[in-house]
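Below: one structure, written as structure tokens.
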Amino acid sequence: MANERDEVHPFSDRVDHPYWEGLGAEELRIQRCAGCRRWSWPADWRCPACGAYDMVWEQVEPVGRVYSWIRTHLPFVPAYADLVPYVNVLVELPQAGGARIMGLLTGSEEGIRIGAPLTGSFQPASPRTADLPVLTWSLGEQVAA
Amino acid sequence: MKPAQIAAVGYGSTAYHKRGKSPDPERKLLLKAIDDAAAMAGIDTADIDGFVSYGADLQDGPRLTGPLGTKELRWSSLVWGGGGGGSAGAIAQAEAAILSGQAETVVVYRATAESTSGRLSSAVSQGVFGLAYRAHGIDAPAQALGLRTQRLLEAEGVPASALKAVAQASYYHANRTPWAVGKDLVLTDEAYDSSRLIAEPIRLFDSSRENDAAAAIIFTSAERARHLTDKPVYLLGAAYGAQGRWGEMDENHEPYHASSQAAPARRVWERTGLTAADVDVVQLYVNFTGPPVSALIDLGFCTAETAGEVLTFENLVAPSGRLPINTSGGDLAEGFLHGMGNAVEAVRQLRGESPNPVPGAKVCLVSGGPISELSSVALFATEQGGPTPNRSTA
Ligand SMILES: [Zn+2]
């Protein structure tokens with residue numbers, strides 16, 4: 001839950017920095033081993049399959065499906081207090097080896113269930129999101145932009 | 001099974017104070033718990049030569065030697081990582097210390113007081129989760145464990161009634177435990193069903209609340225234990241760890257709905273030749289009610305398919321239930337000391353001193369911190385040779 005990914009300074013030295021940098025450029029990037037091509041998530045320094053340190057980042061479509069979800073009723077996070085109750089989704093990305101990322105659900109909550117398709121949209125950094133660009137998710141298949 | 005080689009000879013536990021309301025700072029609370037454990041064991045605190053805790057406890061061995069008058073410090077260790085998942089792992093470390101001859105008399109303990117370690121404000125309630133969580137409005141254990149519990153319910157098909165049964169059994173036992181923080185709260189169906197949602201699917205009464213308290217158990221060799229007390233509680237086996245694809249994984253561990261109990265449980269069963277069918281009573285870590293249900297599945301007490309019929313209130317309560325759990329109320333309703341109260345109640349139960357005795361109980365399992373990044377299992381018995389394995393229902 002809390003880990004080394006959050007204990008590295010400066011921010012640009014973090015192993016997952018390319019992920020956040022990608023979101024700022026409106027790209028969803030997931031880590032992958034350059035050697036054996038295994039998807040690697042959460043991002044880390046070493047590929048457990050082949051031992052390589054040569055890790056690259058690949059852009060994938062910001063679509064996925066609900067792996068799990070919660071509806072938060074208490075203001076655990078002050079910056080989200082005005083949204084209570086809000087739904088978070090754990091999004092599975094089949095196109096990235098089943099990597100799972102967390103996000104806020106926006107729009108209709110009707111039909112929220114495990115397996116439901118989700119479409120992501122890029123949001124700029126804000127005080128709410130700990131000054132980081134993020135993806136938010138809405139239920140339903142992607143509509144052509 | 002090889003006869004048990006170490007045993008618990010005494011335990012001590014302070015009152016469970018409301019968070020931030022302990023009259024004593026953390027170390028003083030702990031010293032009093034150790035005093036009580038030593039008095040029960042009939043040993044001089046100065047003879048305790050090993051110290052083991054877990055969950056980032058601040059009170060390492062060298063901080064205790066002064067006031068305890070320790071003659072010789074021979075072991076001081078902490079289960080590294082996994083928070084409350086290390087609660088029974090600390091017992092495994094005590095076993096390692098004694099069996100290897102590094103130490104003779106080892107105290108396993110946990111102490112938390114808001115005034116000292118500020119656990120709730122700094123360690124669990126805010127900022128403990130990484131940016132992959134916080135940026136999205138997730139920064140509380142109830143939320144992360146809510147995600148895992150939702151998967152257990154919706155994808156694995158475990159009925160929500162199993163969670164409710166864990167909560168109601170905990171409060172039922174607490175209602176019969178004079179010192180329990182939940183002594184006066186009768187958790188009726190209506191009270192549970194109407195309790196407020198915290199992080200769906202988790203309700204208020206699915207959640208533990210933190211206390212200021214300390215508890216300690218003293219272990220020594222089985223041989224020495226028999227000379228010290230007429231009620232040694234033998235440790236048949238203990239293990240900690242996690243299976244592969246588990247650890248600090250930002251919700252990417254597998255299997256996601258599971259606990260991290262499968263691997264340590266397998267090792268304890270292999271070592272003892274026993275199975276869940278040989279266990280008379282279980283003390284489970286209950287930070288929220290989902291994780292202990294996952295743990296019971298991984299420990300072999302039921303499956304996802306049978307959880308609904310096995311994990312009922314009637315089955316989970318002493319003295320009549322087939323699978324009594326948390327017989328002093330547990331983390332949910334006796335008081336929350338990061339799981340340490342569970343090991344204490346295991347020893348108390350097998351000494352025949354539980355407020356909710358399980359008739360004829362000979363074997364008690366302690367499950368430490370299910371769904372943590374690592375977790376642990378300890379199996380205690382009243383007899384050094386353990387029970388005759390019950391193969392019929394395994
Ligand atoms: Zn590789």
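Every chain in the structure tokens has a letter given in the order shown (A, B, ...), and although residue numbers restart at 1 in each chain, ligands are simply numbered from 1 in the order shown.
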
Would you give me, as a list in words, the residues in chain A that DSSP reads as helix (DSSP H, G or I)?
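For chain A, the helix (DSSP H, G or I) set is Glu4, Arg5, Asp6, Phe11, Ser12, Asp13, His17, Pro18, Tyr19, Trp20, Glu21, Gly22, Leu23, Gly24, Pro78, Ala79, Tyr80, Ala81, Asp82, Leu83, Pro94, Gln95, Ala96, Pro127, Arg128 and Thr129 of chain A.
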
Protein and nucleic residues near ligand 1, 12 Å, only C-alpha atoms and all ligand atoms, as a list in words:
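With only C-alpha atoms and all ligand atoms and a cut-off of 12 Å, ligand 1 is contacted by Gln31, Arg32, Cys33, Ala34, Gly35, Cys36, Arg37, Arg38, Trp39, Ser40, Asp44, Trp45, Arg46, Cys47, Pro48, Ala49, Cys50, Gly51, Ala52, Tyr53, Asp54, Met55 and Val56 of chain A.
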
When DSSP is applied to the backbone of this structure, which of chain A are assigned strand (DSSP E or B)? Write them out as a ChimeraX atom specification.
/A:28-33,39,55-60,63-72,86-93,99-105,117-123,134-139

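Using only C-alpha atoms, the smallest distance between any of B:Glu254, B:Glu353, B:Glu345, B:Asp47 and chain A comes from B:Glu254.
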
Got a sec to pull out which chain B residues are within 6 Å of chain A, counting only C-alpha atoms, and send them as a PyMOL selection string?
chain B and resi 128-130+135-137+147+151+198-200+248+250

Include N, CA, C and O atoms and write out the residues we just selected as an mmCIF file, in the first residue's frame.
data_model
loop_
_atom_site.group_PDB
_atom_site.id
_atom_site.type_symbol
_atom_site.label_atom_id
_atom_site.label_comp_id
_atom_site.auth_asym_id
_atom_site.auth_seq_id
_atom_site.Cartn_x
_atom_site.Cartn_y
_atom_site.Cartn_z
ATOM 1 N N VAL B 128 -0.858 7.071 4.379
ATOM 2 C CA VAL B 128 -0.140 5.804 4.435
ATOM 3 C C VAL B 128 -0.169 5.117 3.075
ATOM 4 O O VAL B 128 0.716 4.367 2.728
ATOM 5 N N PHE B 129 -1.192 5.426 2.303
ATOM 6 C CA PHE B 129 -1.311 4.808 0.989
ATOM 7 C C PHE B 129 -0.537 5.609 -0.046
ATOM 8 O O PHE B 129 -0.390 6.818 0.071
ATOM 9 N N GLY B 130 -0.090 4.906 -1.050
ATOM 10 C CA GLY B 130 0.712 5.538 -2.091
ATOM 11 C C GLY B 130 -0.117 6.441 -2.989
ATOM 12 O O GLY B 130 -1.339 6.495 -2.919
ATOM 13 N N ALA B 135 -4.288 9.789 -5.120
ATOM 14 C CA ALA B 135 -4.692 10.697 -6.197
ATOM 15 C C ALA B 135 -6.150 10.464 -6.601
ATOM 16 O O ALA B 135 -6.778 11.343 -7.187
ATOM 17 N N HIS B 136 -6.673 9.292 -6.250
ATOM 18 C CA HIS B 136 -8.035 8.940 -6.658
ATOM 19 C C HIS B 136 -9.032 8.954 -5.502
ATOM 20 O O HIS B 136 -10.159 8.486 -5.645
ATOM 21 N N GLY B 137 -8.594 9.448 -4.340
ATOM 22 C CA GLY B 137 -9.524 9.538 -3.211
ATOM 23 C C GLY B 137 -9.558 8.297 -2.345
ATOM 24 O O GLY B 137 -10.510 8.075 -1.597
ATOM 25 N N LEU B 147 -12.384 -2.828 -1.609
ATOM 26 C CA LEU B 147 -12.192 -3.314 -2.980
ATOM 27 C C LEU B 147 -12.020 -4.830 -2.994
ATOM 28 O O LEU B 147 -12.592 -5.533 -3.824
ATOM 29 N N ARG B 151 -14.832 -7.922 -4.295
ATOM 30 C CA ARG B 151 -14.477 -9.015 -5.211
ATOM 31 C C ARG B 151 -14.857 -10.368 -4.601
ATOM 32 O O ARG B 151 -15.355 -11.261 -5.291
ATOM 33 N N ILE B 198 -19.565 2.651 5.246
ATOM 34 C CA ILE B 198 -18.291 3.357 5.340
ATOM 35 C C ILE B 198 -17.674 3.444 3.946
ATOM 36 O O ILE B 198 -17.443 4.521 3.416
ATOM 37 N N ALA B 199 -17.399 2.295 3.412
ATOM 38 C CA ALA B 199 -16.909 2.185 2.033
ATOM 39 C C ALA B 199 -17.543 0.904 1.507
ATOM 40 O O ALA B 199 -17.050 -0.175 1.756
ATOM 41 N N GLU B 200 -18.671 1.059 0.836
ATOM 42 C CA GLU B 200 -19.420 -0.103 0.351
ATOM 43 C C GLU B 200 -18.470 -1.074 -0.329
ATOM 44 O O GLU B 200 -17.675 -0.631 -1.165
ATOM 45 N N GLU B 248 3.657 -5.910 -1.702
ATOM 46 C CA GLU B 248 3.287 -4.514 -1.977
ATOM 47 C C GLU B 248 3.030 -4.373 -3.465
ATOM 48 O O GLU B 248 3.934 -4.121 -4.249
ATOM 49 N N ASP B 250 0.042 -2.744 -4.996
ATOM 50 C CA ASP B 250 -0.970 -1.768 -5.416
ATOM 51 C C ASP B 250 -2.196 -2.428 -6.056
ATOM 52 O O ASP B 250 -2.605 -2.089 -7.164
#

B:Val52 surroundings by only C-alpha atoms, 12 Å radius, close-in-sequence under 6 positions cut, as a VMD selection string:
chain B and resid 58 to 62 64 73 to 80 86 to 98 103 105 to 111 216 to 219 340

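Closest approach to A:Val63 from the set A:Ser12, A:Ser138, A:Thr106, A:Thr119 is made by A:Thr119, with distances taken over only C-alpha atoms.
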
Smallest atom-to-atom distance to B:Gly290: which of B:Ser208, B:Ser221, B:Thr70, B:Thr112, using only C-alpha atoms?
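When distances to B:Gly290 are compared using only C-alpha atoms, the smallest one comes from B:Ser208.
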
Would you mind telling me which residue in A:Glu58, A:Pro10, A:Trp137, A:Val91 lies nearest to B:Glu251 when using only C-alpha atoms?
A:Val91

Could you check the closest approach to B:Ser161 for each of B:Val310, B:Val181, B:Leu379, B:Val317 and tell me which residue wins, using only C-alpha atoms?
B:Val310

Shell around B:Ala46 at 7 Å using only C-alpha atoms, local window under 2 positions removed, as a list in words:
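The residues that qualify are Asp44, Ile48, Leu68, Gly69, Thr70 and Lys71 of chain B.
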